Amino acid sequence: MMTEDNLNNEEIRPENEGHDPELEKGSVPELDPKAKAEKDAQFEKEFMPLISSLYNFAYRLTLDEDDANDLVQETYLKAYRFFASYEQGTNAKAWLFRILKNSFINDFRKKSKQPSKVDYQEVESFYNSDDVDENITVDLRIESIQDMIGDEVATALNALAVDFRTIIILCDLEGFTYEEMAKILDIPIGTVRSRLHRARNLLKEKLKEYAGTMGYNK
Amino acid sequence: MKRNFTNWMGSLFGKPKQKATCCDCIKSLQLVVDGEATKQQEEYFLNHLDECMPCYNFYEVEKTVKQVLQNKIEKKSAPTHLAENIRSRLKSM
């Protein structure tokens, strides 16, 4: 487990949270060409290699290629704008994931008229307690999970409410630590644990449904 | 912490240390599967598995689900034009 010592609370926090309408105007302070070239080179080296991880995250959140493109682009523009606040050698990936997730929530809230989308308030109140349901055990056979193909697993994952999906993506697909997830999602570690626990139980229920329909379970 | 206390209580009353309640185990199970358990928690939990079939089965399922998520879900790569679009936007910023 990570200790408090190796964490810097500011390390993945952008200076300015949330959606920034100024961003579209490209109002980055003017730099002389040499300084800009240096900044660009550093940005390229530190951040651009993470583009596929970010795209994958964006795609798993939005489930749409165009939306994922937009979200990744928005994330990079914002990161560029606040690049001065980024400390070299700190956790670039966690910082970018945090920006992307915040942009997603902002865009998502704007579109929240859409009835098919999850109501955030509802989701929050659903899992916000730190109590962990000890009793949920899903009877799922190991063989039935192992026999599933990726598409079936992805469909089960996609069927989860966005916050449950998010925590599984961060933990299991991207391999972030609890500490990093707490910062990316702005929630206490206890909530990371309980949300993850619930998300996995919900996922297992979905997998069990699939296993049932596919005849994997006996 | 709570579990250490249980351990301590167990040893105090002469019960074998591995007899943790399985309720405690479910909490440490997640930590072990995610690589977030302390060495002590992990060792304790893995010992417990030798003595408790339900916990063992549950652990295997959790581990398998995690592996399947890690290995079977397609990792989408960013389309090539995306990085170029971003670079050209940044140039003009």
# chains A, B, ... in the order shown; residues from 1 in each chain; ligands from 1
call {"tool": "interface_residues", "arguments": {"of": "chain A", "to": "chain B", "cutoff": "8 Å", "atoms": "only C-alpha atoms", "output": "NGL selection string"}}
result
:A and (1-2 or 26-28 or 48 or 51-53 or 55-56 or 59 or 69 or 73 or 76-77 or 80 or 134 or 140-142 or 145-146 or 149-151 or 153-154 or 171-173 or 177-178 or 197 or 204)
call {"tool": "write_last_selection", "arguments": {"atoms": "N, CA, C and O atoms", "output": "compact mmCIF listing (two decimals), in the first residue's frame"}}
result
# COMPACT_ATOMS: atom_id res chain seq x y z
N MET A 1 0.84 -1.20 0.00
CA MET A 1 0.00 0.00 0.00
C MET A 1 0.88 1.26 0.00
O MET A 1 1.93 1.28 0.62
N MET A 2 0.42 2.27 -0.65
CA MET A 2 1.20 3.49 -0.69
C MET A 2 1.07 4.25 0.62
O MET A 2 0.05 4.17 1.29
N GLY A 26 -8.28 29.74 -27.25
CA GLY A 26 -6.85 29.57 -27.36
C GLY A 26 -6.06 30.68 -26.70
O GLY A 26 -5.03 31.12 -27.19
N SER A 27 -6.57 31.15 -25.55
CA SER A 27 -5.94 32.31 -24.93
C SER A 27 -4.77 31.93 -24.02
O SER A 27 -4.79 32.15 -22.84
N VAL A 28 -3.79 31.28 -24.61
CA VAL A 28 -2.58 30.95 -23.87
C VAL A 28 -1.64 32.16 -23.95
O VAL A 28 -1.53 32.77 -25.01
N MET A 48 2.26 13.34 -25.03
CA MET A 48 1.71 12.70 -26.23
C MET A 48 1.79 11.17 -26.23
O MET A 48 0.92 10.52 -26.77
N ILE A 51 -1.46 9.20 -25.39
CA ILE A 51 -2.69 9.47 -26.14
C ILE A 51 -3.58 8.23 -26.29
O ILE A 51 -4.81 8.33 -26.18
N SER A 52 -2.98 7.07 -26.49
CA SER A 52 -3.83 5.90 -26.67
C SER A 52 -4.53 5.47 -25.38
O SER A 52 -5.68 5.06 -25.40
N SER A 53 -3.82 5.58 -24.25
CA SER A 53 -4.47 5.30 -22.96
C SER A 53 -5.65 6.24 -22.74
O SER A 53 -6.72 5.83 -22.29
N TYR A 55 -7.32 7.88 -25.06
CA TYR A 55 -8.37 7.60 -26.03
C TYR A 55 -9.19 6.38 -25.58
O TYR A 55 -10.42 6.39 -25.65
N ASN A 56 -8.48 5.38 -25.11
CA ASN A 56 -9.18 4.17 -24.65
C ASN A 56 -10.13 4.51 -23.48
O ASN A 56 -11.28 4.07 -23.46
N TYR A 59 -13.03 6.47 -24.83
CA TYR A 59 -13.95 5.60 -25.57
C TYR A 59 -14.79 4.75 -24.61
O TYR A 59 -16.00 4.59 -24.80
N ASN A 69 -12.80 11.16 -29.48
CA ASN A 69 -11.86 12.08 -30.12
C ASN A 69 -11.96 13.49 -29.54
O ASN A 69 -10.95 14.11 -29.21
N GLN A 73 -9.10 15.47 -27.36
CA GLN A 73 -8.61 16.75 -27.86
C GLN A 73 -8.79 17.84 -26.80
O GLN A 73 -7.87 18.60 -26.51
N TYR A 76 -6.20 17.47 -24.03
CA TYR A 76 -4.86 17.93 -24.39
C TYR A 76 -4.78 19.45 -24.46
O TYR A 76 -3.79 20.04 -24.03
N LEU A 77 -5.81 20.07 -24.98
CA LEU A 77 -5.78 21.54 -25.06
C LEU A 77 -5.76 22.14 -23.67
O LEU A 77 -5.03 23.09 -23.39
N TYR A 80 -2.40 21.60 -22.07
CA TYR A 80 -1.42 22.53 -22.66
C TYR A 80 -1.54 23.90 -22.01
O TYR A 80 -0.56 24.54 -21.67
N GLU A 134 -21.50 -6.71 2.35
CA GLU A 134 -20.74 -7.94 2.55
C GLU A 134 -21.49 -9.14 1.98
O GLU A 134 -20.91 -10.18 1.73
N LEU A 140 -20.67 -17.46 -9.55
CA LEU A 140 -20.21 -17.40 -10.93
C LEU A 140 -19.08 -18.41 -11.07
O LEU A 140 -18.15 -18.43 -10.27
N ARG A 141 -19.17 -19.24 -12.07
CA ARG A 141 -18.12 -20.26 -12.23
C ARG A 141 -16.94 -19.67 -13.00
O ARG A 141 -17.11 -18.95 -13.97
N ILE A 142 -15.76 -20.02 -12.52
CA ILE A 142 -14.54 -19.49 -13.12
C ILE A 142 -14.46 -19.84 -14.61
O ILE A 142 -14.14 -19.00 -15.44
N ILE A 145 -16.41 -17.61 -16.84
CA ILE A 145 -15.82 -16.29 -17.10
C ILE A 145 -14.68 -16.43 -18.11
O ILE A 145 -14.53 -15.64 -19.03
N GLN A 146 -13.88 -17.46 -17.89
CA GLN A 146 -12.71 -17.64 -18.76
C GLN A 146 -13.10 -17.92 -20.20
O GLN A 146 -12.37 -17.58 -21.12
N ILE A 149 -15.64 -14.23 -24.45
CA ILE A 149 -14.75 -13.47 -25.32
C ILE A 149 -14.78 -12.00 -24.88
O ILE A 149 -15.67 -11.57 -24.15
N GLY A 150 -13.80 -11.25 -25.35
CA GLY A 150 -13.66 -9.86 -24.93
C GLY A 150 -14.90 -9.03 -25.14
O GLY A 150 -15.26 -8.20 -24.29
N ASP A 151 -15.59 -9.25 -26.26
CA ASP A 151 -16.79 -8.46 -26.55
C ASP A 151 -17.87 -8.65 -25.50
O ASP A 151 -18.58 -7.71 -25.14
N VAL A 153 -17.38 -9.50 -22.37
CA VAL A 153 -16.94 -8.84 -21.14
C VAL A 153 -17.12 -7.32 -21.28
O VAL A 153 -17.61 -6.67 -20.36
N ALA A 154 -16.77 -6.80 -22.45
CA ALA A 154 -16.92 -5.36 -22.68
C ALA A 154 -18.39 -4.95 -22.62
O ALA A 154 -18.73 -3.91 -22.04
N CYS A 171 -9.06 0.99 -12.43
CA CYS A 171 -8.36 0.00 -11.61
C CYS A 171 -7.86 -1.18 -12.45
O CYS A 171 -6.69 -1.52 -12.41
N ASP A 172 -8.76 -1.80 -13.18
CA ASP A 172 -8.43 -3.08 -13.81
C ASP A 172 -7.86 -2.93 -15.21
O ASP A 172 -7.02 -3.73 -15.62
N LEU A 173 -8.32 -1.95 -15.96
CA LEU A 173 -7.79 -1.80 -17.31
C LEU A 173 -6.53 -0.94 -17.32
O LEU A 173 -5.59 -1.21 -18.04
N THR A 177 -3.43 2.91 -8.87
CA THR A 177 -3.55 2.52 -7.46
C THR A 177 -4.78 3.20 -6.84
O THR A 177 -5.32 4.14 -7.42
N TYR A 178 -5.19 2.73 -5.67
CA TYR A 178 -6.34 3.34 -4.98
C TYR A 178 -6.07 4.84 -4.74
O TYR A 178 -6.96 5.67 -4.89
N HIS A 197 -15.87 -2.22 -4.96
CA HIS A 197 -16.52 -3.45 -4.50
C HIS A 197 -17.90 -3.60 -5.13
O HIS A 197 -18.26 -4.65 -5.67
N LYS A 204 -20.18 -8.70 -11.98
CA LYS A 204 -20.33 -10.16 -11.90
C LYS A 204 -21.76 -10.59 -12.17
O LYS A 204 -22.01 -11.62 -12.79
call {"tool": "residues_around", "arguments": {"residues": "Ile168 (chain A)", "least_positions_apart": "5", "cutoff": "9 Å", "atoms": "only C-alpha atoms", "output": "ChimeraX atom specification"}}
result
/A:157,163,173-174,196,199-200 /B:69
call {"tool": "write_last_selection", "arguments": {"atoms": "N, CA and C atoms", "output": "mmCIF file, in the first residue's frame"}}
result
data_model
loop_
_atom_site.group_PDB
_atom_site.id
_atom_site.type_symbol
_atom_site.label_atom_id
_atom_site.label_comp_id
_atom_site.auth_asym_id
_atom_site.auth_seq_id
_atom_site.Cartn_x
_atom_site.Cartn_y
_atom_site.Cartn_z
ATOM 1 N N LEU A 157 -19.396 -4.746 -19.071
ATOM 2 C CA LEU A 157 -18.818 -3.538 -18.476
ATOM 3 C C LEU A 157 -19.591 -2.288 -18.911
ATOM 4 N N ASP A 163 -20.251 5.677 -13.398
ATOM 5 C CA ASP A 163 -19.271 5.764 -12.318
ATOM 6 C C ASP A 163 -18.713 4.411 -11.907
ATOM 7 N N LEU A 173 -8.322 -1.952 -15.956
ATOM 8 C CA LEU A 173 -7.789 -1.800 -17.310
ATOM 9 C C LEU A 173 -6.528 -0.936 -17.317
ATOM 10 N N GLU A 174 -6.515 0.088 -16.487
ATOM 11 C CA GLU A 174 -5.389 1.022 -16.507
ATOM 12 C C GLU A 174 -4.398 0.813 -15.362
ATOM 13 N N LEU A 196 -15.578 0.378 -5.816
ATOM 14 C CA LEU A 196 -14.978 -0.714 -6.585
ATOM 15 C C LEU A 196 -15.643 -2.046 -6.245
ATOM 16 N N ALA A 199 -19.027 -2.036 -7.806
ATOM 17 C CA ALA A 199 -18.914 -2.117 -9.263
ATOM 18 C C ALA A 199 -18.618 -3.552 -9.684
ATOM 19 N N ARG A 200 -17.730 -4.202 -8.954
ATOM 20 C CA ARG A 200 -17.373 -5.577 -9.321
ATOM 21 C C ARG A 200 -18.526 -6.535 -9.103
ATOM 22 N N LEU B 69 -10.767 -8.864 -17.414
ATOM 23 C CA LEU B 69 -10.884 -7.442 -17.753
ATOM 24 C C LEU B 69 -9.575 -6.914 -18.321
#
